[in-house]
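Visitor: So that we are looking at the same thing, I have put the structure below in structure tokens.
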Amino acid sequence: MPAAPGGGVLAAMAAAGRARGQSGLVSGACAQRLPAGAARARPNRVLRGRFAPWAVALATTAISLVFACPVPAEEVFTSQAAAANATDSTWIPAPAQRAAVCIVDTGNDPNPDTSNVVARLSVDGEPGTDRSPDHHGTLMSMIAAAPYNGFGMVGAAPSINVVSVRASRDGVSFGGTDLARAIQRCVAFRNTYNIKVISLSLGGAVVSGLDAGGMATVEDMVSSARFVGLDVVAAAGNHRGVVDWPAGYGPVLAIGAADNVGARCSFAASGPEVDLWASGCPLDAALFDGAAAWASGSSESTAFVAGALTELRQLSPGSTVDQAEQALMSSAQIASAGSRLDVGAAFAAVGLEGQLALGHTMVPQVAQSGGATDPQLPASTGPSVGTIAMPLSGGHAAGLPVIAPLGGERSQARLPKPSVVSVRLRRAVLSMRFKNKPRGMVAQVQIYTRTKRRAFPALVDILHVMDDRFRTPVSGTVSQVSITYRDPQRIRGSSVLLSLHSVR
């Protein structure tokens with residue numbers, strides 16, 4: 001399976017001469033390029049070997065590095081947090097029981113920004129250290145959850161824990177069997193570490209000759225993970241074209257890379273399979289040694305969403321897999337790329353307004369020139385098209401770019417939640433009639449069944465229905481039918497999910 005080409009750019013920025021909480025611009029004279037012959041990241045590629053008949057690769061590629069000053073200052077207020085309306089949620093204190101995101105990647109190495117990594121596991125029985133030459137897995141945990149500690153950066157959700165599972169044996173590619181085992185590790189340790197979300201910043205295009213059995217095994221593990229209460233988030237890919245697998249698999253929450261005003265990154269995969277868009281060209285990051293950096297790619301977008309989703313489930317422990325994902329999707333801003341992550345709105349949708357208010361009071365005070373201190377929120381980078389500069393309520397800094405929904409208010413821009421007139425299962429044929437499907441829209445129907453040989457229900461069919469009714473044969477006992485309305489033109493946002501758990 002070929003690697004996903006395009007997109008990934010990581011550049012260290014000068015730390016001296018600028019307050020890291022201001023915008024993300026390089027200032028000062030200490031930034032230098034790596035000398036000729038210095039260690040440099042390799043483009044993504046797939047290595048086929050004895051350990052797997054096929055493989056997927058990291059979702060970032062072609063990484064280049066630029067040295068920064070030797071004593072970095074912490075990236076406190078990131079542009080991706082501003083773009084995702086996460087400037088309050090970032091600072092909500094941790095509850096008594098922390099939730100964890102399980103990051104399946106190249107491993108994880110200790111530094112101050114990975115201090116909340118509570119386990120470093122692997123699929124080969126060896127230590128779970130990071131085998132990527134660019135510390136890819138380590139960077140993903142920093143973007144998701146780096147703490148506020150004076151080093152490197154602050155992640156999307158510093159209050160959560162991270163469980164790292166190394167699924168790559170060479171630090172570049174992932175064998176199908178190893179990927180399935182890694183997801184199984186997340187499932188097996190879900191109660192031990194209170195894991196709520198699995199993050200997969202990896203993927204590859206589905207090509208002829210791909211081992212169908214290996215794909216089915218991974219997809220079964222994804223379905224099993226969701227059945228036991230774990231959201232699964234994956235990178236859509238860094239290439240112009242269709243969404244990578246496994247993000248393209250229906251039950252996975254597929255994350256695309258957008259700039260900080262909601263336009264699709266030039267390298268980003270797209271299509272109706274993308275569920276959410278989040279900052280990915282660029283976002284603020286840090287190198288392994290803490291030096292300030294920019295990073296681009298759907299890997300980074302995925303890690304940020306996974307961190308925010310884990311925090312939502314940490315603060316709203318009663319939310320189910322579907323409810324948590326739908327809180328993100330139904331609260332998303334409608335931008336030019338599609339549904340764009342709005343963390344604050346998602347938290348409010350599940351009743352976390354009080355926690356957001358508390359987080360706002362916890363925003364750090366950053367020393368400015370002249371000795372004054374103020375909460376500093378970053379200006380979102382990227383073009384200004386589609387932004388409105390306006391004062392915000394609640395004490396936020398005036399002039400912070402706000403993304404306005406296209407085509408009116410959010411309630412008008414999003415398709416209605418599906419409603420059905422009838423659903424019937426007779427003689428292994430499932431039939432359904434929709435009550436409110438708008439003309440020209442597609443009803444995406446996912447059918448889950450249980451068989452005697454399977455411990456958990458499995459997704460057996462995904463239908464894209466243009467009419468107001470359909471009939472389809474099914475095999476096994478139907479345990480769930482999930483329905484989402486989607487706009488083929490992507491002008492209107494996808495509807496809230498309807499899940500039917502009793503079908504007779």
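Going by the structure tokens order, chains are called A, B, ..., each with residues numbered from 1, while ligands are numbered from 1 in the order shown.
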Quick one: everything within 12 Å of Gly351 (chain A), counting only C-alpha atoms, minus sequence neighbours fewer than 5 positions away in the same chain. Send it as a ChimeraX atom specification.
Guide: /A:312-313,315-319,324,327,344-346,356-357
Visitor: For Glu75 (chain A), find every residue with an atom within 8 Å (counting only C-alpha atoms), except residues of its own chain fewer than 3 positions away, and show them as a ChimeraX atom specification.
Guide: /A:20-21,78,151-154,284-286,292
Visitor: Pick out the residues sitting within 7 Å of Met441 (chain A), and hand them over as a PyMOL selection string; count only C-alpha atoms, and ignore anything fewer than 2 positions along from it in its own chain.
Guide: chain A and resi 437-439+443+466+485-488
Visitor: Keeping only C-alpha atoms, write the selected residues to a file as an mmCIF file, in the first residue's frame.
Guide:
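Saved to part-v7.cif:
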data_model
loop_
_atom_site.group_PDB
_atom_site.id
_atom_site.type_symbol
_atom_site.label_atom_id
_atom_site.label_comp_id
_atom_site.auth_asym_id
_atom_site.auth_seq_id
_atom_site.Cartn_x
_atom_site.Cartn_y
_atom_site.Cartn_z
ATOM 1 C CA LYS A 437 -34.898 13.387 3.752
ATOM 2 C CA PRO A 438 -34.412 16.588 1.732
ATOM 3 C CA ARG A 439 -34.538 16.206 -2.018
ATOM 4 C CA ALA A 443 -28.965 8.989 3.241
ATOM 5 C CA MET A 466 -31.038 8.759 -2.924
ATOM 6 C CA TYR A 485 -28.024 12.673 5.755
ATOM 7 C CA ARG A 486 -25.183 14.033 3.618
ATOM 8 C CA ASP A 487 -25.014 16.689 0.918
ATOM 9 C CA PRO A 488 -23.197 15.400 -2.208
#
Visitor: Using DSSP assignments from the backbone, pull out every residue in region 67-262 of chain A that falls under helix (DSSP H, G or I) and give it to me as JSON, numbers by chain.
Guide: {"A": [79, 80, 81, 82, 83, 89, 90, 91, 112, 113, 114, 136, 137, 138, 139, 140, 141, 142, 143, 144, 145, 176, 177, 178, 179, 180, 181, 182, 183, 184, 185, 186, 187, 188, 190, 191, 192, 193, 212, 213, 214, 215, 216, 217, 218, 219, 220, 221, 222, 223, 224, 225, 226, 227]}
Visitor: Neighbours of region 192-195 of chain A within 9 Å (only C-alpha atoms; same-chain residues fewer than 4 positions away dropped), as an MDAnalysis selection string?
Guide: chainID A and resid 97:102 118:119 161:163 186:188 230 310
Visitor: Please write the residues from the selection above to a file, keeping N, CA, C and O atoms, as a JSON list (two decimals), in the first residue's frame.
Guide:
[["chain", "number", "residue", "atom", "x", "y", "z"],
["A", 97, "GLN", "N", -10.85, 11.65, 37.99],
["A", 97, "GLN", "CA", -10.48, 10.53, 37.13],
["A", 97, "GLN", "C", -10.24, 11.03, 35.72],
["A", 97, "GLN", "O", -11.17, 11.44, 35.03],
["A", 98, "ARG", "N", -9.00, 10.96, 35.28],
["A", 98, "ARG", "CA", -8.67, 11.40, 33.93],
["A", 98, "ARG", "C", -9.02, 10.33, 32.91],
["A", 98, "ARG", "O", -8.86, 9.14, 33.16],
["A", 99, "ALA", "N", -9.45, 10.77, 31.76],
["A", 99, "ALA", "CA", -9.61, 9.87, 30.63],
["A", 99, "ALA", "C", -8.32, 9.85, 29.82],
["A", 99, "ALA", "O", -7.44, 10.70, 30.02],
["A", 100, "ALA", "N", -8.20, 8.89, 28.92],
["A", 100, "ALA", "CA", -6.97, 8.76, 28.13],
["A", 100, "ALA", "C", -7.30, 8.58, 26.66],
["A", 100, "ALA", "O", -8.33, 7.98, 26.30],
["A", 101, "VAL", "N", -6.42, 9.11, 25.81],
["A", 101, "VAL", "CA", -6.47, 8.83, 24.38],
["A", 101, "VAL", "C", -5.39, 7.80, 24.09],
["A", 101, "VAL", "O", -4.27, 7.89, 24.58],
["A", 102, "CYS", "N", -5.74, 6.78, 23.31],
["A", 102, "CYS", "CA", -4.78, 5.73, 22.94],
["A", 102, "CYS", "C", -4.25, 6.07, 21.55],
["A", 102, "CYS", "O", -4.98, 5.99, 20.55],
["A", 118, "VAL", "N", 0.93, 7.71, 30.24],
["A", 118, "VAL", "CA", 0.90, 6.79, 31.37],
["A", 118, "VAL", "C", 1.30, 5.38, 31.00],
["A", 118, "VAL", "O", 1.50, 4.53, 31.89],
["A", 119, "ALA", "N", 1.42, 5.08, 29.71],
["A", 119, "ALA", "CA", 1.85, 3.74, 29.29],
["A", 119, "ALA", "C", 2.45, 3.83, 27.90],
["A", 119, "ALA", "O", 1.93, 4.55, 27.04],
["A", 161, "ASN", "N", -4.84, 12.00, 29.86],
["A", 161, "ASN", "CA", -3.68, 11.13, 29.79],
["A", 161, "ASN", "C", -3.53, 10.55, 28.39],
["A", 161, "ASN", "O", -4.47, 10.60, 27.58],
["A", 162, "VAL", "N", -2.36, 9.99, 28.12],
["A", 162, "VAL", "CA", -2.08, 9.36, 26.83],
["A", 162, "VAL", "C", -1.57, 7.95, 27.07],
["A", 162, "VAL", "O", -0.71, 7.72, 27.94],
["A", 163, "VAL", "N", -2.09, 7.01, 26.30],
["A", 163, "VAL", "CA", -1.54, 5.66, 26.21],
["A", 163, "VAL", "C", -0.98, 5.52, 24.80],
["A", 163, "VAL", "O", -1.70, 5.70, 23.82],
["A", 186, "CYS", "N", -5.45, -1.22, 22.66],
["A", 186, "CYS", "CA", -6.23, -0.11, 23.20],
["A", 186, "CYS", "C", -7.51, -0.62, 23.85],
["A", 186, "CYS", "O", -7.91, -0.15, 24.93],
["A", 187, "VAL", "N", -8.16, -1.57, 23.18],
["A", 187, "VAL", "CA", -9.40, -2.14, 23.72],
["A", 187, "VAL", "C", -9.12, -2.89, 25.02],
["A", 187, "VAL", "O", -9.84, -2.75, 26.02],
["A", 188, "ALA", "N", -8.05, -3.68, 25.03],
["A", 188, "ALA", "CA", -7.75, -4.51, 26.19],
["A", 188, "ALA", "C", -7.42, -3.68, 27.42],
["A", 188, "ALA", "O", -7.73, -4.09, 28.55],
["A", 230, "LEU", "N", -15.30, 3.00, 22.64],
["A", 230, "LEU", "CA", -14.14, 3.79, 22.23],
["A", 230, "LEU", "C", -14.40, 4.45, 20.88],
["A", 230, "LEU", "O", -14.73, 3.77, 19.91],
["A", 310, "THR", "N", -11.37, 13.37, 23.57],
["A", 310, "THR", "CA", -11.10, 12.68, 24.84],
["A", 310, "THR", "C", -11.47, 13.56, 26.02],
["A", 310, "THR", "O", -12.06, 13.09, 27.01]]
Visitor: What's around Arg424 (chain A) at 9 Å? Count only C-alpha atoms, leave out sequence neighbours fewer than 3 positions away in its own chain, and write the answer as a PyMOL selection string.
Guide: chain A and resi 429-432+503-504
Visitor: Just want the 12 Å neighbourhood of Arg226 (chain A), counted on only C-alpha atoms, with same-chain residues fewer than 4 positions away dropped. Output as a PyMOL selection string.
Guide: chain A and resi 183-184+186-187+190+195-198+219-222+230-233+250-253+320-325+448+456-459
Visitor: Atoms to include: N, CA and C atoms. Write the selected residues as a short mmCIF file (atom, residue, chain, number, x, y, z; two decimals), in the first residue's frame.
Guide:
data_model
loop_
_atom_site.label_atom_id
_atom_site.label_comp_id
_atom_site.auth_asym_id
_atom_site.auth_seq_id
_atom_site.Cartn_x
_atom_site.Cartn_y
_atom_site.Cartn_z
N ILE A 183 -4.81 -1.76 17.86
CA ILE A 183 -6.16 -1.37 18.25
C ILE A 183 -6.68 -2.29 19.33
N GLN A 184 -6.35 -3.59 19.21
CA GLN A 184 -6.76 -4.55 20.23
C GLN A 184 -6.13 -4.22 21.58
N CYS A 186 -5.45 -1.22 22.66
CA CYS A 186 -6.23 -0.11 23.20
C CYS A 186 -7.51 -0.62 23.85
N VAL A 187 -8.16 -1.57 23.18
CA VAL A 187 -9.40 -2.14 23.72
C VAL A 187 -9.12 -2.89 25.02
N ARG A 190 -8.54 -0.60 28.04
CA ARG A 190 -9.46 0.55 28.15
C ARG A 190 -9.87 0.81 29.60
N ILE A 195 -9.39 4.57 28.88
CA ILE A 195 -9.27 5.01 27.49
C ILE A 195 -10.65 5.27 26.92
N LYS A 196 -10.79 6.39 26.23
CA LYS A 196 -12.06 6.76 25.61
C LYS A 196 -11.97 6.91 24.09
N VAL A 197 -10.76 7.18 23.57
CA VAL A 197 -10.59 7.48 22.15
C VAL A 197 -9.33 6.79 21.64
N ILE A 198 -9.40 6.26 20.42
CA ILE A 198 -8.23 5.73 19.72
C ILE A 198 -7.90 6.67 18.58
N GLU A 219 -10.89 -3.65 10.33
CA GLU A 219 -12.24 -3.08 10.42
C GLU A 219 -13.06 -3.75 11.51
N ASP A 220 -12.88 -5.06 11.70
CA ASP A 220 -13.57 -5.74 12.80
C ASP A 220 -13.11 -5.19 14.14
N MET A 221 -11.81 -4.90 14.27
CA MET A 221 -11.30 -4.36 15.53
C MET A 221 -11.84 -2.95 15.78
N VAL A 222 -11.98 -2.15 14.71
CA VAL A 222 -12.57 -0.82 14.86
C VAL A 222 -14.01 -0.93 15.34
N LEU A 230 -15.30 3.00 22.64
CA LEU A 230 -14.14 3.79 22.23
C LEU A 230 -14.40 4.45 20.88
N ASP A 231 -14.25 5.77 20.81
CA ASP A 231 -14.28 6.46 19.52
C ASP A 231 -12.98 6.17 18.78
N VAL A 232 -13.04 6.06 17.47
CA VAL A 232 -11.85 5.83 16.65
C VAL A 232 -11.74 6.97 15.65
N VAL A 233 -10.60 7.70 15.70
CA VAL A 233 -10.36 8.88 14.87
C VAL A 233 -9.16 8.59 13.98
N GLY A 250 -16.46 3.48 7.29
CA GLY A 250 -17.60 4.23 7.81
C GLY A 250 -17.58 4.54 9.30
N PRO A 251 -17.33 3.58 10.20
CA PRO A 251 -17.40 3.87 11.63
C PRO A 251 -16.28 4.76 12.16
N VAL A 252 -15.25 5.00 11.37
CA VAL A 252 -14.13 5.83 11.81
C VAL A 252 -14.48 7.31 11.61
N LEU A 253 -14.12 8.15 12.57
CA LEU A 253 -14.28 9.59 12.44
C LEU A 253 -13.10 10.11 11.63
N THR A 320 -22.05 8.68 25.16
CA THR A 320 -21.68 7.48 24.44
C THR A 320 -20.76 7.83 23.27
N VAL A 321 -20.28 6.81 22.59
CA VAL A 321 -19.44 7.01 21.41
C VAL A 321 -20.16 7.89 20.39
N ASP A 322 -21.38 7.51 20.04
CA ASP A 322 -22.13 8.27 19.04
C ASP A 322 -22.45 9.68 19.52
N GLN A 323 -22.85 9.81 20.79
CA GLN A 323 -23.21 11.13 21.31
C GLN A 323 -22.01 12.08 21.31
N ALA A 324 -20.84 11.58 21.68
CA ALA A 324 -19.65 12.43 21.70
C ALA A 324 -19.27 12.88 20.30
N GLU A 325 -19.29 11.97 19.35
CA GLU A 325 -18.94 12.33 17.98
C GLU A 325 -19.96 13.29 17.39
N TYR A 448 -25.26 -2.86 11.04
CA TYR A 448 -24.43 -3.70 11.90
C TYR A 448 -25.19 -4.98 12.25
N PHE A 456 -18.60 -9.39 18.82
CA PHE A 456 -19.22 -8.07 18.77
C PHE A 456 -19.92 -7.90 17.42
N PRO A 457 -20.89 -6.99 17.36
CA PRO A 457 -21.51 -6.68 16.06
C PRO A 457 -20.47 -6.14 15.08
N ALA A 458 -20.70 -6.39 13.82
CA ALA A 458 -19.79 -5.91 12.78
C ALA A 458 -20.58 -5.13 11.74
N LEU A 459 -19.93 -4.12 11.17
CA LEU A 459 -20.53 -3.37 10.08
C LEU A 459 -20.51 -4.24 8.83
#
